[in-house]
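Step one of this worksheet: look at the structure below.
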Amino acid sequence: MQKPFPSTILYGADYNPEQWPESVWQEDMRLMKVARVNIVTINVFSWALLELAPDEYTFGQLDRIMEMLAEHGIAADLATATATPPTWMSRMYPDMWPVTRDGKRLSYGSRQHYCPNSHDYRRKAGALVRRLAERYREHPALAMWHVNNEYGDHVKACYCDGCAVAFRRWLMARYTWLPELNDAWSTSFWSQRYFDWEDVMPPRLTPAGNNPGQMLDYQRFMSDSLLECYRLEANVLREVTPAIPITTNFIVAFKPVDYFSWARHIDVISFDLYPRNTTPPWENAFRHDLMRSLKNGQPHLVMEQTPGQLNWMEQNPHKRPGRIRLQSLQAVAHGADGVLYFQWRQSQGGAEKFHSAIVPHEGSERGRIFRQAAQPGAELERIAPDVVGSRIRAEVAIVMDWHNWWAVEYLPGPSDRLRYLEQVKRWYAALHGLNVAIDIVAPEHDLSQYRVVIAPLLYMLKAGVAQNLERYVTAGGTLLTTFFSGIVDEHDRVTLGGYPGELRKLLGIYVEEFDPWTEGMSNEVIIADEPLRGKYACDLWGEVVHLEGARALGVFARDYYAHGPALTVNRSGEGRAYYVATQVSDELASKLARMLCQQAGVELLMEVAEGVEVTRRARSDGRKVYFILNHNDSPAPVTLPQGRFTSLLDGLDFSEQLVIAGRDALILLEK
Ligand code: GLA
Ligand code: ZN
């Protein structure tokens, strides 16, 4: 895949000049130069301006925008405009309106008001994209295609009659004949047997809990339906402009869409980063690491972040001074090769008029937001030649699985307090505190490059996953998994013969009972041996665990399973498999993470004060770039690794000791 600019860190914003008279555009160009903008995303919500009536296209305004960008040396991330159909189209095709689970039709007048399985929507979207591609295929401003926008954001699933038909077709391809479907969904239960494909429905609102297999397949089907919409556009773009990279902006760890299955169809992974002011820095780090991992470490892009306040939270405080710069540099520190904002100029009207933008309502470059948003522009320009294309190499991975997420969170019992992403993030936080590089991978991913793999709450084992984990451990890997793992197969049917099912041998344990706790119930884990020796709080979940070859490192302190195993380790081949039978305190999770990394010989980049983050990107010439980010408000001492370093931001030389100011960042190239 060709990169839009081989030695540039992309820097820019969503740009919506159609909201402004053309007299304002020239001022935009001037201000973009001041802010060092080199790319803008345009045309995201312009369908109504491009197709005024059925098949009546007009591209005059977009031509002028593209021309202007080319003239000023600013690249276009050209959106396909399919995220919001024009009003006339919605009126013309009422079947296109999405339907909620409880049967309500969603009208137009906001955005994303289309059913992903609507034939009319797909046909009209495809036709528009072909026209755009053919018109701008040779245009000098065209650098990247931006397909649609945030798939699934507002319509996470549709339950209309058209979707029912498409769902049946999807199921037929997956199950070939009805008895197989009946078996997969366990329809002997509650008189749910299907006698005809026509009887199968989307899991609409029902008197009691829906069939879990049906719910799970519907999530898969919806993620695939949106992917079909994406691919329909991407196929046209690839055919007409094979050299132009294609992206679509993801919404981080977004439950409705299985990004692992999408990634191979996308050239550049990009996503929208909207933390709250209270979001801890490690959580943004997690988001980057997930995005970077989707294409095996290929640099990703932040497609949107806000320079100041948002508009869609209950209250929308501004980002505090210094934070947007740190957030931008953190993106690059975690492997991104571009940072863009939403949006360039703050809208005068519409639902986002109080969402901040680089150019505020006041209109000039004099305010705090403009200056703070523009600062990283100059800095990224300076560091780009030394950083672009360099890679993060991780020795540690966390397993994350969308199918498991869907299944865990549609459980008719045993606990509605299980939040899969929370479990993934807890272990991420524990590892992140050590300043090790972390990949986030699918359970079927080749794990051989990692020394430590943590697979929290892996309730569902799809076919082949247990074998993949076994292969990894026997070859010398260190695996940690946690409570309520190995329970069901890919159809959400319990694996019989004792929990944790297919993992029983690998973990060397048998879980006789799991015991989900109510709010306020808790226990403790007692560990006798160093380096973990001590007593640690635990909550959420307990288990009655029997050893079948594993050793108990920690036991429960109380209750009817007092002295029963809470933390175990089993040797298997050359490696070790750990199991944690409860939700342990942050303190124990951190210590465990450290112990596993040390035992497995994982390189910890630097020991630094809390709140200081260290990452490292390796260049193709072997030289390394260290990113040291102080998320604290106060200065912190840093001891550098052996060697001498040049600061890419200011050219100064450093070695041994230094002090990093509060909310500051250092980017150091090994000499
Ligand atoms: C999303 C959308 C943008 C804009 C921003 C506002 O990310 O993609 O169009 O609405 O939210 O935060
Ligand atoms: Zn539908």
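Letters A, B, ... go to the chains of the structure tokens in the order shown; residues in each chain start at 1; ligands are counted from 1 in the same order.
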Residues contacting ligand 2 - anything with an atom at most 6 Å away, using only C-alpha atoms and all ligand atoms - can you give me those as a short mmCIF file (atom, residue, chain, number, x, y, z; two decimals) with N, CA and C atoms, in the first residue's frame?
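Listed below is the output, pocket_5.cif:
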```
data_model
loop_
_atom_site.label_atom_id
_atom_site.label_comp_id
_atom_site.auth_asym_id
_atom_site.auth_seq_id
_atom_site.Cartn_x
_atom_site.Cartn_y
_atom_site.Cartn_z
N PRO A 98 -34.00 3.00 9.40
CA PRO A 98 -33.67 1.91 10.31
C PRO A 98 -34.79 1.64 11.33
N CYS A 115 -30.67 1.97 6.89
CA CYS A 115 -30.51 0.56 7.23
C CYS A 115 -29.35 0.02 6.39
N ASN A 117 -28.69 -2.79 5.35
CA ASN A 117 -29.07 -3.81 4.37
C ASN A 117 -30.05 -3.30 3.33
N CYS A 158 -30.01 -2.86 12.98
CA CYS A 158 -31.35 -2.58 12.45
C CYS A 158 -32.14 -3.89 12.48
N TYR A 159 -33.43 -3.79 12.72
CA TYR A 159 -34.27 -4.99 12.86
C TYR A 159 -35.44 -4.97 11.87
N CYS A 160 -35.26 -4.30 10.74
CA CYS A 160 -36.37 -4.15 9.79
C CYS A 160 -36.60 -5.45 9.01
N GLY A 162 -36.26 -5.95 5.85
CA GLY A 162 -35.16 -6.18 4.91
C GLY A 162 -33.99 -6.86 5.61
N CYS A 163 -33.73 -6.46 6.83
CA CYS A 163 -32.66 -7.09 7.61
C CYS A 163 -33.01 -8.54 7.93
#
```
Go through range 409-619 of chain A and collect every residue that DSSP, computed from the backbone, puts in strand (DSSP E or B); the answer should be as number ranges by chain. A: 438-441, 452-455, 460, 478-482, 488, 494, 499, 509-516, 522-527, 534-539, 541-547, 551-556, 565-572, 575-580, 583-584, 612-618
With ligand 1 as the partner and 9 Å as the cut-off, tabulate the residues of chain A that qualify, each row holding the nearest pair of atoms and their distance in Å to one decimal, using only C-alpha atoms and all ligand atoms, sorted by chain and rising number, as CSV.
```
residue,atom,partner,partner_atom_place_in_ligand_line,distance
A:Asp14,CA,ligand 1,9 (O),8.0
A:Val44,CA,ligand 1,9 (O),7.6
A:Phe45,CA,ligand 1,9 (O),8.2
A:Asn149,CA,ligand 1,8 (O),5.9
A:Glu150,CA,ligand 1,8 (O),5.6
A:Asp153,CA,ligand 1,1 (C),8.3
A:Asn249,CA,ligand 1,8 (O),7.5
A:Phe250,CA,ligand 1,7 (O),8.8
A:Ile251,CA,ligand 1,7 (O),7.5
A:Phe271,CA,ligand 1,7 (O),8.5
A:Asp272,CA,ligand 1,7 (O),5.6
A:Leu273,CA,ligand 1,7 (O),7.8
A:Tyr274,CA,ligand 1,12 (O),7.0
A:Met303,CA,ligand 1,7 (O),8.5
A:Glu304,CA,ligand 1,7 (O),6.3
A:Gln305,CA,ligand 1,12 (O),7.4
A:Thr306,CA,ligand 1,12 (O),6.8
A:Leu310,CA,ligand 1,12 (O),5.9
A:Asn311,CA,ligand 1,12 (O),6.9
A:Trp312,CA,ligand 1,12 (O),7.0
A:Phe342,CA,ligand 1,5 (C),6.2
A:Gln343,CA,ligand 1,4 (C),7.8
A:Ala351,CA,ligand 1,10 (O),8.8
A:Glu352,CA,ligand 1,10 (O),7.1
A:His355,CA,ligand 1,6 (C),6.8
A:Ser356,CA,ligand 1,12 (O),8.9
```
I want to know what sits within 9 Å of Gln298 in chain A, based on only C-alpha atoms, with residues of the same chain fewer than 5 positions away left out; could you give that as an NGL selection string? :A and (268-269 or 292-293 or 335-336 or 389-392)
Let me see the file: selected residues, all heavy atoms, as a PDB file, in the first residue's frame.
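Saved the output as result-v9.pdb:
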```
ATOM      1  N   VAL A 268      -5.256   1.875   5.655  1.00  0.00           N
ATOM      2  CA  VAL A 268      -4.711   2.630   6.788  1.00  0.00           C
ATOM      3  C   VAL A 268      -5.764   2.622   7.893  1.00  0.00           C
ATOM      4  O   VAL A 268      -6.896   3.046   7.666  1.00  0.00           O
ATOM      5  CB  VAL A 268      -4.421   4.096   6.392  1.00  0.00           C
ATOM      6  CG1 VAL A 268      -3.868   4.867   7.591  1.00  0.00           C
ATOM      7  CG2 VAL A 268      -3.453   4.160   5.219  1.00  0.00           C
ATOM      8  N   ILE A 269      -5.385   2.143   9.074  1.00  0.00           N
ATOM      9  CA  ILE A 269      -6.338   2.156  10.195  1.00  0.00           C
ATOM     10  C   ILE A 269      -6.394   3.573  10.761  1.00  0.00           C
ATOM     11  O   ILE A 269      -5.361   4.171  11.058  1.00  0.00           O
ATOM     12  CB  ILE A 269      -5.880   1.180  11.307  1.00  0.00           C
ATOM     13  CG1 ILE A 269      -5.827  -0.250  10.786  1.00  0.00           C
ATOM     14  CG2 ILE A 269      -6.781   1.306  12.536  1.00  0.00           C
ATOM     15  CD1 ILE A 269      -7.158  -0.873  10.439  1.00  0.00           C
ATOM     16  N   ARG A 292      -3.199   0.154  16.485  1.00  0.00           N
ATOM     17  CA  ARG A 292      -1.930  -0.199  15.830  1.00  0.00           C
ATOM     18  C   ARG A 292      -1.837  -1.706  15.597  1.00  0.00           C
ATOM     19  O   ARG A 292      -1.302  -2.161  14.590  1.00  0.00           O
ATOM     20  CB  ARG A 292      -0.761   0.274  16.713  1.00  0.00           C
ATOM     21  CG  ARG A 292       0.609   0.098  16.072  1.00  0.00           C
ATOM     22  CD  ARG A 292       1.716   0.196  17.099  1.00  0.00           C
ATOM     23  NE  ARG A 292       1.648  -0.896  18.040  1.00  0.00           N
ATOM     24  CZ  ARG A 292       1.489  -0.758  19.344  1.00  0.00           C
ATOM     25  NH1 ARG A 292       1.420   0.431  19.904  1.00  0.00           N
ATOM     26  NH2 ARG A 292       1.408  -1.833  20.129  1.00  0.00           N
ATOM     27  N   SER A 293      -2.399  -2.463  16.525  1.00  0.00           N
ATOM     28  CA  SER A 293      -2.301  -3.926  16.414  1.00  0.00           C
ATOM     29  C   SER A 293      -3.187  -4.484  15.308  1.00  0.00           C
ATOM     30  O   SER A 293      -2.965  -5.605  14.846  1.00  0.00           O
ATOM     31  CB  SER A 293      -2.700  -4.585  17.739  1.00  0.00           C
ATOM     32  OG  SER A 293      -1.867  -4.148  18.784  1.00  0.00           O
ATOM     33  N   GLY A 335       2.741   4.796  18.038  1.00  0.00           N
ATOM     34  CA  GLY A 335       2.842   4.227  16.700  1.00  0.00           C
ATOM     35  C   GLY A 335       2.047   4.919  15.622  1.00  0.00           C
ATOM     36  O   GLY A 335       2.064   4.489  14.471  1.00  0.00           O
ATOM     37  N   ALA A 336       1.329   6.006  15.968  1.00  0.00           N
ATOM     38  CA  ALA A 336       0.553   6.704  14.937  1.00  0.00           C
ATOM     39  C   ALA A 336       1.476   7.546  14.068  1.00  0.00           C
ATOM     40  O   ALA A 336       2.478   8.072  14.533  1.00  0.00           O
ATOM     41  CB  ALA A 336      -0.507   7.591  15.575  1.00  0.00           C
ATOM     42  N   GLY A 389       7.144   5.975   9.970  1.00  0.00           N
ATOM     43  CA  GLY A 389       7.361   4.597   9.508  1.00  0.00           C
ATOM     44  C   GLY A 389       8.005   3.696  10.542  1.00  0.00           C
ATOM     45  O   GLY A 389       8.023   2.482  10.367  1.00  0.00           O
ATOM     46  N   SER A 390       8.563   4.279  11.627  1.00  0.00           N
ATOM     47  CA  SER A 390       9.184   3.420  12.638  1.00  0.00           C
ATOM     48  C   SER A 390       8.097   2.624  13.361  1.00  0.00           C
ATOM     49  O   SER A 390       6.936   3.001  13.359  1.00  0.00           O
ATOM     50  CB  SER A 390      10.012   4.252  13.615  1.00  0.00           C
ATOM     51  OG  SER A 390       9.204   5.246  14.219  1.00  0.00           O
ATOM     52  N   ARG A 391       8.496   1.505  13.958  1.00  0.00           N
ATOM     53  CA  ARG A 391       7.524   0.554  14.495  1.00  0.00           C
ATOM     54  C   ARG A 391       7.722   0.293  15.979  1.00  0.00           C
ATOM     55  O   ARG A 391       8.843   0.322  16.473  1.00  0.00           O
ATOM     56  CB  ARG A 391       7.679  -0.810  13.772  1.00  0.00           C
ATOM     57  CG  ARG A 391       7.424  -0.793  12.289  1.00  0.00           C
ATOM     58  CD  ARG A 391       5.943  -0.604  12.020  1.00  0.00           C
ATOM     59  NE  ARG A 391       5.637  -0.787  10.611  1.00  0.00           N
ATOM     60  CZ  ARG A 391       4.996  -1.852  10.118  1.00  0.00           C
ATOM     61  NH1 ARG A 391       4.618  -2.840  10.890  1.00  0.00           N
ATOM     62  NH2 ARG A 391       4.726  -1.926   8.822  1.00  0.00           N
ATOM     63  N   ILE A 392       6.631  -0.049  16.625  1.00  0.00           N
ATOM     64  CA  ILE A 392       6.681  -0.518  18.008  1.00  0.00           C
ATOM     65  C   ILE A 392       6.767  -2.037  17.978  1.00  0.00           C
ATOM     66  O   ILE A 392       6.010  -2.679  17.255  1.00  0.00           O
ATOM     67  CB  ILE A 392       5.407  -0.083  18.744  1.00  0.00           C
ATOM     68  CG1 ILE A 392       5.348   1.430  18.729  1.00  0.00           C
ATOM     69  CG2 ILE A 392       5.307  -0.722  20.119  1.00  0.00           C
ATOM     70  CD1 ILE A 392       4.963   2.143  19.949  1.00  0.00           C
TER      71      ILE A 392
END
```
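If you look at CA of Ala550 in chain A and CA of Ala581 in chain A, they are 13.2 Å away from each other.
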Could you pull the residues within 6 Å of range 596-604 of chain A, counting only C-alpha atoms, minus those fewer than 6 positions along the same chain, as a PyMOL selection string? chain A and resi 435-436+451
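Coordinates place CA of Val441 in chain A at a distance of 20.7 Å from CA of Leu507 in chain A.
Take the candidates A:Tyr626, A:Tyr175, A:Tyr561, A:Tyr151 and check each one against Leu227 in chain A using only C-alpha atoms; the shortest distance goes to A:Tyr151.
Using only C-alpha atoms, the contacts of range 468-479 of chain A at a cut-off of 9 Å, with sequence neighbours closer than 6 positions omitted, comprise A:Pro443, A:Glu444, A:His445, A:Asp446, A:Leu447, A:Ser448, A:Tyr450, A:Arg451, A:Val452, A:Val453, A:Ile454, A:Ala455, A:Leu503, A:Leu506, A:Arg571, A:Ser572, A:Gly573, A:Glu574, A:Gly575, A:Arg576, A:Ala577, A:Tyr578, A:Tyr579, A:Leu596, A:Cys597, A:Gln599, A:Ala600.
The neighbours of Ser90 in chain A here are the residues that come within 9 Å of it, using only C-alpha atoms and leaving out any residue fewer than 4 positions away in the same chain; they are Pro85, Pro86, Pro94, Asp95, Met96, Trp97, Ser107, Tyr108, His113 and Tyr114 of chain A.
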Determine, counting only C-alpha atoms, which protein, DNA and RNA residues have an atom within 6 Å of an atom of range 121-128 of chain A; residues of the same chain fewer than 3 positions away are not included. Present the result as a compact mmCIF listing (two decimals) with N, CA and C atoms, in the first residue's frame.
```txt
# COMPACT_ATOMS: atom_id res chain seq x y z
N THR A 82 -21.22 9.06 2.11
CA THR A 82 -22.35 8.13 2.17
C THR A 82 -22.93 7.94 3.56
N SER A 118 -30.32 -2.01 3.34
CA SER A 118 -31.25 -1.46 2.35
C SER A 118 -30.61 -1.52 0.95
N ARG A 131 -19.00 7.83 -9.11
CA ARG A 131 -18.87 9.15 -9.73
C ARG A 131 -17.73 9.95 -9.11
N GLU A 233 -18.13 0.04 -1.23
CA GLU A 233 -17.49 1.29 -1.63
C GLU A 233 -16.00 1.07 -1.93
```
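Using only C-alpha atoms, the shortest contact distance between Ser223 in chain A and any of A:Gly367, A:Gly498, A:Pro116, A:Pro242 is found at A:Pro116.
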